[in-house]
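First the structure, in the form of structure tokens, and then the observations on it.
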Amino acid sequence: MGKRGLPLLGIGFLAAGAILIVLAGAFGARGSSPTQDSWGVGPGGMMGFGGPGVGSAPDPGSSGFIAGTVAAPRVVRIVASDQLRFIPDVVTVKAGETITFEITTVGMSVHEFMVGPAADVTANTASTPEIADIGMMQTKSLTYTFAGSGPFAFACHAPGHYEAGMSGRIVIVP
Ligand SMILES: [Cu+2]
């Protein structure tokens with residue numbers, strides 16, 4: 001019981017950060033947007049909910065990268081937006097890594113998050129790992145191990161969302 005307070009507080013911080021990110025994206029010129037790696041990633045990125053600089057852990061192209069394992073997955077945070085997009089929509093993963101995706105919905109639309117082999121994600125195959133019903137300002141997580149070279153992808157299969165382009169891809173690096 002007593003443990004519920006902290007995660008909720010943390011989600012508040014994360015949501016506030018996510019809104020800032022979305023606003024920055026909306027007002028920034030598309031052509032000159034910062035790189036995907038720049039959003040929210042900072043020294044505090046590994047601190048989890050509520051830390052200053054909430055964001056994903058460094059990816060394989062960044063200094064400080066630590067490959068995720070089953071025992072200690074690497075955290076990748078993704079925002080699901082009212083524009084039916086995932087931010088970021090490309091995630092780089094080292095082959096064999098275990099990733100914990102933390103998906104936060106900003107805005108009114110309720111989203112889902114499915115990740116796995118690209119063909120299964122496209123086909124919305126029932127056995128593919130998925131989080132359902134991520135409501136406004138909610139964060140839900142899913143941990144997945146990327147075995148093999150892929151291709152892998154992620155998508156939202158809430159009605160109409162995938163068709164509107166709500167998907168992303170996993171880039172596997174050796
Ligand atoms: Cu969606």
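Here's how to read the names in the structure tokens: chain A, B, ... by the order shown, residue numbers from 1 in each chain, ligand numbers from 1 in the order shown.
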Can you write out as a Markdown table which residues of chain A fall within 12 Å of ligand 1, alongside each residue's closest atom pair and its distance in Å to one decimal, counting only C-alpha atoms and all ligand atoms and ordering rows by chain and ascending residue number?
```
| residue | atom | partner | partner_atom_place_in_ligand_line | distance |
| --- | --- | --- | --- | --- |
| A:Val79 | CA | ligand 1 | 1 (Cu) | 10.4 |
| A:Ala80 | CA | ligand 1 | 1 (Cu) | 6.7 |
| A:Ser81 | CA | ligand 1 | 1 (Cu) | 7.6 |
| A:Asp82 | CA | ligand 1 | 1 (Cu) | 7.9 |
| A:Gln83 | CA | ligand 1 | 1 (Cu) | 8.8 |
| A:Leu84 | CA | ligand 1 | 1 (Cu) | 5.4 |
| A:Arg85 | CA | ligand 1 | 1 (Cu) | 7.3 |
| A:Phe86 | CA | ligand 1 | 1 (Cu) | 8.3 |
| A:Ile87 | CA | ligand 1 | 1 (Cu) | 11.8 |
| A:Ile103 | CA | ligand 1 | 1 (Cu) | 11.0 |
| A:Thr104 | CA | ligand 1 | 1 (Cu) | 11.0 |
| A:Thr105 | CA | ligand 1 | 1 (Cu) | 8.7 |
| A:Val106 | CA | ligand 1 | 1 (Cu) | 10.7 |
| A:Gly107 | CA | ligand 1 | 1 (Cu) | 10.8 |
| A:Met108 | CA | ligand 1 | 1 (Cu) | 10.4 |
| A:Ser109 | CA | ligand 1 | 1 (Cu) | 6.8 |
| A:Val110 | CA | ligand 1 | 1 (Cu) | 6.2 |
| A:His111 | CA | ligand 1 | 1 (Cu) | 3.7 |
| A:Glu112 | CA | ligand 1 | 1 (Cu) | 5.6 |
| A:Phe113 | CA | ligand 1 | 1 (Cu) | 7.7 |
| A:Met114 | CA | ligand 1 | 1 (Cu) | 10.3 |
| A:Ile131 | CA | ligand 1 | 1 (Cu) | 11.1 |
| A:Ala132 | CA | ligand 1 | 1 (Cu) | 9.9 |
| A:Asp133 | CA | ligand 1 | 1 (Cu) | 9.2 |
| A:Ile134 | CA | ligand 1 | 1 (Cu) | 8.7 |
| A:Gly135 | CA | ligand 1 | 1 (Cu) | 10.0 |
| A:Met136 | CA | ligand 1 | 1 (Cu) | 11.2 |
| A:Phe154 | CA | ligand 1 | 1 (Cu) | 11.2 |
| A:Ala155 | CA | ligand 1 | 1 (Cu) | 7.9 |
| A:Cys156 | CA | ligand 1 | 1 (Cu) | 4.6 |
| A:His157 | CA | ligand 1 | 1 (Cu) | 6.4 |
| A:Ala158 | CA | ligand 1 | 1 (Cu) | 5.2 |
| A:Pro159 | CA | ligand 1 | 1 (Cu) | 7.9 |
| A:Gly160 | CA | ligand 1 | 1 (Cu) | 8.0 |
| A:His161 | CA | ligand 1 | 1 (Cu) | 4.9 |
| A:Tyr162 | CA | ligand 1 | 1 (Cu) | 7.1 |
| A:Glu163 | CA | ligand 1 | 1 (Cu) | 9.9 |
| A:Ala164 | CA | ligand 1 | 1 (Cu) | 9.0 |
| A:Gly165 | CA | ligand 1 | 1 (Cu) | 9.2 |
| A:Met166 | CA | ligand 1 | 1 (Cu) | 6.1 |
| A:Ser167 | CA | ligand 1 | 1 (Cu) | 8.7 |
| A:Gly168 | CA | ligand 1 | 1 (Cu) | 11.6 |
```
Deliver the residues from the most recent selection as a file, using C-alpha atoms, as an mmCIF file, in the first residue's frame.
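Writing done, so here's part.cif:
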```
data_model
loop_
_atom_site.group_PDB
_atom_site.id
_atom_site.type_symbol
_atom_site.label_atom_id
_atom_site.label_comp_id
_atom_site.auth_asym_id
_atom_site.auth_seq_id
_atom_site.Cartn_x
_atom_site.Cartn_y
_atom_site.Cartn_z
ATOM 1 C CA VAL A 79 6.218 8.826 -25.372
ATOM 2 C CA ALA A 80 2.941 7.948 -27.089
ATOM 3 C CA SER A 81 1.373 11.106 -28.441
ATOM 4 C CA ASP A 82 -2.028 12.386 -29.473
ATOM 5 C CA GLN A 83 -0.587 12.735 -32.965
ATOM 6 C CA LEU A 84 -0.480 8.909 -33.024
ATOM 7 C CA ARG A 85 3.272 8.764 -32.944
ATOM 8 C CA PHE A 86 5.903 7.203 -30.724
ATOM 9 C CA ILE A 87 8.744 9.482 -29.686
ATOM 10 C CA ILE A 103 5.717 3.900 -22.404
ATOM 11 C CA THR A 104 4.025 7.117 -21.332
ATOM 12 C CA THR A 105 0.869 8.426 -22.949
ATOM 13 C CA VAL A 106 0.544 12.170 -23.205
ATOM 14 C CA GLY A 107 -2.767 13.555 -24.393
ATOM 15 C CA MET A 108 -6.221 12.026 -24.476
ATOM 16 C CA SER A 109 -5.715 9.038 -26.770
ATOM 17 C CA VAL A 110 -5.357 5.629 -25.140
ATOM 18 C CA HIS A 111 -2.490 3.651 -26.655
ATOM 19 C CA GLU A 112 -1.042 0.158 -26.756
ATOM 20 C CA PHE A 113 2.534 -0.945 -27.184
ATOM 21 C CA MET A 114 3.480 -4.176 -28.958
ATOM 22 C CA ILE A 131 0.865 -3.573 -23.159
ATOM 23 C CA ALA A 132 -2.800 -2.638 -23.451
ATOM 24 C CA ASP A 133 -4.669 0.499 -22.451
ATOM 25 C CA ILE A 134 -2.014 3.051 -21.615
ATOM 26 C CA GLY A 135 -4.212 5.983 -20.640
ATOM 27 C CA MET A 136 -3.496 9.661 -20.376
ATOM 28 C CA PHE A 154 6.971 -1.897 -32.240
ATOM 29 C CA ALA A 155 3.486 -0.563 -32.817
ATOM 30 C CA CYS A 156 0.225 0.612 -31.310
ATOM 31 C CA HIS A 157 -2.765 -1.436 -32.391
ATOM 32 C CA ALA A 158 -5.466 0.672 -30.786
ATOM 33 C CA PRO A 159 -8.143 0.964 -33.498
ATOM 34 C CA GLY A 160 -6.857 3.053 -36.389
ATOM 35 C CA HIS A 161 -3.559 3.977 -34.785
ATOM 36 C CA TYR A 162 -1.258 1.585 -36.635
ATOM 37 C CA GLU A 163 -2.940 2.519 -39.899
ATOM 38 C CA ALA A 164 -2.267 6.168 -39.069
ATOM 39 C CA GLY A 165 1.427 5.392 -38.730
ATOM 40 C CA MET A 166 1.816 4.675 -35.026
ATOM 41 C CA SER A 167 4.765 2.334 -35.238
ATOM 42 C CA GLY A 168 8.498 2.299 -34.866
#
```
Test item: residues at most 12 Å from Ser127 (chain A), only C-alpha atoms, excluding those fewer than 3 positions along its chain, as a JSON list (two decimals) with C-alpha atoms, in the first residue's frame:
```json
[["chain", "number", "residue", "atom", "x", "y", "z"],
["A", 114, "MET", "CA", 3.48, -4.18, -28.96],
["A", 115, "VAL", "CA", 7.08, -5.20, -29.58],
["A", 116, "GLY", "CA", 8.60, -8.25, -31.29],
["A", 117, "PRO", "CA", 9.44, -9.67, -34.69],
["A", 120, "ASP", "CA", 4.21, -10.34, -35.96],
["A", 121, "VAL", "CA", 3.94, -6.70, -35.00],
["A", 123, "ALA", "CA", 0.10, -8.64, -38.36],
["A", 124, "ASN", "CA", -0.92, -7.90, -34.74],
["A", 130, "GLU", "CA", 1.98, -6.14, -25.71],
["A", 131, "ILE", "CA", 0.87, -3.57, -23.16]]
```
>> Would you compute the distance between CA of Ile78 (chain A) and CA of Ala118 (chain A)? Give it in Å to one decimal.
In response: 18.0 Å
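As for CA of Thr128 (chain A) and CA of Tyr144 (chain A), they are spaced 10.5 Å apart.
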> From the set A:Ser56, A:Thr92, A:Thr100, A:Thr122, which residue has the shortest atom-to-atom contact distance to Ala71 (chain A), counting only C-alpha atoms?
Replying inline: A:Thr100
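The space separating CA of Ala72 (chain A) from CA of Glu97 (chain A) comes to 10.0 Å.
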>> Can you pull out the residues contacting Pro60 (chain A)? Cut-off 10 Å, using only C-alpha atoms, and skip same-chain residues under 2 positions away; I want them as a count of residues only.
In response: 15
